[in-house]
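Asks: Dumping the structure here so I can ask a few things about it.
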Amino acid sequence: MNHEFTARVIEEGRTSLGIEFGSTRIKAILIDEQFQTIAQGTYEWDSTRQNGMWTYHLIDIITGLQVAYRHMKEEAERTYGVTIRTIGSIGVSAMMHGYIACDHTGELLVPFRTWRNSTTSEASQKLTDLFQFHIPERWSIAHLYQAILDEEKHVYRLEFMTTLSGYIHWLLTGKQAIGIGDASGMFPIDETTKNYNEAMLNQFDELIAEKGYPWQLRHLLPSVYLAGEEAGMLTTAGASILDQSKQLQPGIPFCPPEGDAGTGMVATNSIKRRTGNISVGTSVFAMIVLEKDLAGVYPEVDIVTTPDGNPVAMVHANNCTSDLNAWMGLFREAFEAMGQPVDTKRLYEVLLRQALKADYDGGGLLSYGYYSGENITRMQEGRPLFVRSAESHFNLANFMRTHLFSAFGALKIGLDRLKENEQVAIDRLLGHGGLFKTPLVGQKMVAAALNTPVSVISTAGEGGAFGMAVLASYVVHHQQQPLADFLEHQVFASTSEELMEPDPLDVKGFEVFLKRYQEGLHIEKAAVDHLTLKKGAEWIC
């Protein structure tokens, strides 16, 4: 496709834009009608702790949105010599779950509470017992009920609650809407009605009736939309927020806002039953599209949905690559201290590949990349740790393999519960996320850890922003075609896929490592109990 043709595509608005708010990066990707990336922009950010809660500040949310869009727009202008004034369709995605509570003006009543917070264990357990349906700690309803249990004053002023994707969608369209996949991380979904579970809504209202709040839960939640449905239009105010140059015109249709789990499924073509995907980033989660309902209720397994409303078993671990990235930053400092600046991509490629030379179990080393609490291993807080004995085989290769193995330790524990108790079949997992940008290594480690074939497709590194752009395109082009068929026959018809079977020696090595990981959880618990960071000071014991 030549530049002149693509320039005309941009001018005529035959494009789709996906914007995703990830844990460490906000990304905007513009694609054409053949689902090829035209331009992209990014904004780096990270969460902070405020009054014991993990959050992102509102000013960073808005700034990141604007910067990512501006960088995408500028790249399109540099490359094709045209200014973006309209777009065929837009979609917004973000980290699933969490809690954004607003008053009648849309003002945040408390700072955004992210998925990373593990402060809602009491609410999670009580709601799980009430509904006989697992309510994870990071779900919106768990955050709301914990605020009620804690008698937080803001609850009386609630006008609506939503997720981060739903909030950005509201800012840009003025509509309180949410895609069913992200909605399923707010409150349980009824597979038949494709809406919030009516019986459970009533149960919740009865549970809190004595509090006398001036609202019912159903009136706080955003309206649920399925993939392919139009969920609003870009308003004049929304266009001014998104494009600071004021060149983008209002009236652009929006698809339903979604969570990063749903966009990951789209980006890896994992919508059909018995398919699954694994997303590797700040957190890690595996999504398995179910053939039938689960017989039991498991604290390690969440039931959410695909963007078109089919049930999915989700195993989510709060911690994955944050500690690995921190060590990479340390290695970078070492290079720079010797006067040797190093390219980030090169740094990751060289060091991650060392893991391929390691002892199969990581040489007796042990790490926990717990930046925050971990629900699967019952840690309410996190303390990143690296542990070894005098007898451990301590070298760079084993160090790297240990941190990669550790990134999947909690996930493996959760998936084993699903396989053993429910005999859920997984033919293969499709991987996506930044770790898969380094060829072979991430794929090989995940296959070993989960003892499952892992595929990586050519769009894997694009991640959720690409998946969101595809969902935006689906609004315009689906013509009543099921989402799974749209993905298979149009989006991924000519996409290459590389499948890796698990290496038996790596699998055995991970089993040895996992036993050490589980036995060592007492060490992590002791660190949580006895290492406390005094604000503005040093660790104290």
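Residues are named by chain letter and number: chains run A, B, ... in the order of the structure tokens, numbers start at 1 in each chain, and ligands are numbered from 1 in the order shown.
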Would you list the contacts of Thr114 (chain A) as a PDB file with C-alpha atoms, in the first residue's frame, taking every protein, DNA or RNA residue within 12 Å and counting only C-alpha atoms, but skipping same-chain residues closer than 3 positions in sequence?

Replies:
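This went into part28.pdb:
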```pdb
ATOM      1  CA  PHE A  21      -4.498   2.602  29.223  1.00  0.00           C
ATOM      2  CA  GLY A  22      -2.061  -0.087  30.330  1.00  0.00           C
ATOM      3  CA  SER A  23      -0.285  -0.366  33.658  1.00  0.00           C
ATOM      4  CA  ASP A  46       3.142   4.246  36.508  1.00  0.00           C
ATOM      5  CA  SER A  47       0.881   3.902  39.502  1.00  0.00           C
ATOM      6  CA  THR A  48       1.622   5.453  42.879  1.00  0.00           C
ATOM      7  CA  ARG A  49       0.450   4.723  46.409  1.00  0.00           C
ATOM      8  CA  GLN A  50      -1.733   7.345  48.053  1.00  0.00           C
ATOM      9  CA  GLY A  52      -2.368   3.074  51.214  1.00  0.00           C
ATOM     10  CA  MET A  53      -4.095   2.772  47.807  1.00  0.00           C
ATOM     11  CA  TRP A  54      -2.565   2.171  44.380  1.00  0.00           C
ATOM     12  CA  THR A  55      -3.803   4.882  42.019  1.00  0.00           C
ATOM     13  CA  TYR A  56      -3.156   6.962  38.918  1.00  0.00           C
ATOM     14  CA  HIS A  57      -3.786  10.682  39.258  1.00  0.00           C
ATOM     15  CA  ALA A  94      -7.975   0.146  30.016  1.00  0.00           C
ATOM     16  CA  MET A  95      -6.835  -2.056  32.858  1.00  0.00           C
ATOM     17  CA  MET A  96      -9.810  -4.122  33.940  1.00  0.00           C
ATOM     18  CA  HIS A  97     -11.724  -3.633  37.153  1.00  0.00           C
ATOM     19  CA  GLY A  98     -10.888  -1.183  39.889  1.00  0.00           C
ATOM     20  CA  TYR A  99     -13.157   1.588  41.103  1.00  0.00           C
ATOM     21  CA  ILE A 100     -13.967   5.043  39.811  1.00  0.00           C
ATOM     22  CA  ALA A 101     -16.683   6.709  41.905  1.00  0.00           C
ATOM     23  CA  VAL A 110     -11.968   9.340  45.758  1.00  0.00           C
ATOM     24  CA  PRO A 111      -8.787   8.775  43.739  1.00  0.00           C
ATOM     25  CA  ASN A 117      -5.217  -2.932  45.462  1.00  0.00           C
ATOM     26  CA  SER A 118      -5.775  -5.956  47.672  1.00  0.00           C
ATOM     27  CA  THR A 119      -7.620  -4.116  50.442  1.00  0.00           C
ATOM     28  CA  THR A 120     -11.068  -5.577  49.783  1.00  0.00           C
ATOM     29  CA  GLU A 137     -10.808  -8.397  45.322  1.00  0.00           C
ATOM     30  CA  ARG A 138     -10.142  -6.115  42.354  1.00  0.00           C
ATOM     31  CA  TRP A 139     -13.729  -6.088  41.014  1.00  0.00           C
ATOM     32  CA  SER A 140     -15.626  -2.814  41.208  1.00  0.00           C
ATOM     33  CA  ALA A 142     -15.840  -5.483  45.908  1.00  0.00           C
ATOM     34  CA  HIS A 143     -14.386  -1.969  46.116  1.00  0.00           C
ATOM     35  CA  THR A 162     -17.329   2.801  36.401  1.00  0.00           C
ATOM     36  CA  THR A 163     -13.947   1.469  35.313  1.00  0.00           C
ATOM     37  CA  LEU A 164     -11.113   3.501  33.816  1.00  0.00           C
ATOM     38  CA  SER A 165     -12.182   2.622  30.256  1.00  0.00           C
ATOM     39  CA  ASN A 318      -1.327  -9.181  40.238  1.00  0.00           C
ATOM     40  CA  SER A 372       1.740  -5.537  45.495  1.00  0.00           C
TER      41      SER A 372
END
```

Asks: Figure out the distance between CA of Thr83 (chain A) and CA of Ile31 (chain A), please, to one decimal in Å.

Replies: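 The value is 15.2 Å.
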
Asks: Set the distance at 8 Å and use only C-alpha atoms: which residues neighbour region 286-297 of chain A once local chain neighbours fewer than 6 positions away are removed? I'd like the list as an mmCIF file with C-alpha atoms, in the first residue's frame.

Replies:
```cif
data_model
loop_
_atom_site.group_PDB
_atom_site.id
_atom_site.type_symbol
_atom_site.label_atom_id
_atom_site.label_comp_id
_atom_site.auth_asym_id
_atom_site.auth_seq_id
_atom_site.Cartn_x
_atom_site.Cartn_y
_atom_site.Cartn_z
ATOM 1 C CA GLN A 132 -22.163 -18.259 45.581
ATOM 2 C CA PHE A 133 -20.118 -16.771 42.770
ATOM 3 C CA HIS A 134 -16.483 -15.727 43.096
ATOM 4 C CA ALA A 261 -8.510 -8.761 28.997
ATOM 5 C CA MET A 265 -8.522 -11.846 23.393
ATOM 6 C CA SER A 270 -8.980 -16.058 21.091
ATOM 7 C CA ILE A 271 -12.756 -15.610 21.079
ATOM 8 C CA LYS A 272 -13.947 -19.115 20.198
ATOM 9 C CA ARG A 273 -14.648 -21.780 22.820
ATOM 10 C CA ARG A 274 -11.619 -23.862 23.937
ATOM 11 C CA THR A 275 -9.284 -21.106 22.796
ATOM 12 C CA GLY A 276 -7.230 -19.179 25.297
ATOM 13 C CA ASN A 277 -4.644 -16.474 25.628
ATOM 14 C CA ILE A 278 -2.085 -15.274 28.104
ATOM 15 C CA SER A 279 -1.300 -11.608 28.629
ATOM 16 C CA THR A 306 -15.582 -12.219 25.853
ATOM 17 C CA ASN A 310 -19.431 -15.715 26.103
ATOM 18 C CA PRO A 311 -18.228 -16.997 29.510
ATOM 19 C CA VAL A 312 -14.489 -17.053 30.175
ATOM 20 C CA ALA A 313 -12.449 -18.504 33.021
ATOM 21 C CA MET A 314 -9.821 -15.962 33.972
ATOM 22 C CA VAL A 315 -6.830 -16.660 36.193
ATOM 23 C CA HIS A 316 -5.222 -13.352 37.134
ATOM 24 C CA LEU A 411 -0.576 -17.992 37.611
ATOM 25 C CA GLU A 422 -12.836 -28.871 36.287
ATOM 26 C CA VAL A 424 -10.889 -27.657 31.480
ATOM 27 C CA ILE A 426 -6.696 -25.971 26.731
#
```

Asks: For CA of Gln146 (chain A) and CA of Ser121 (chain A), determine how far apart the two atoms are, in Å to one decimal place.

Replies: 8.3 Å
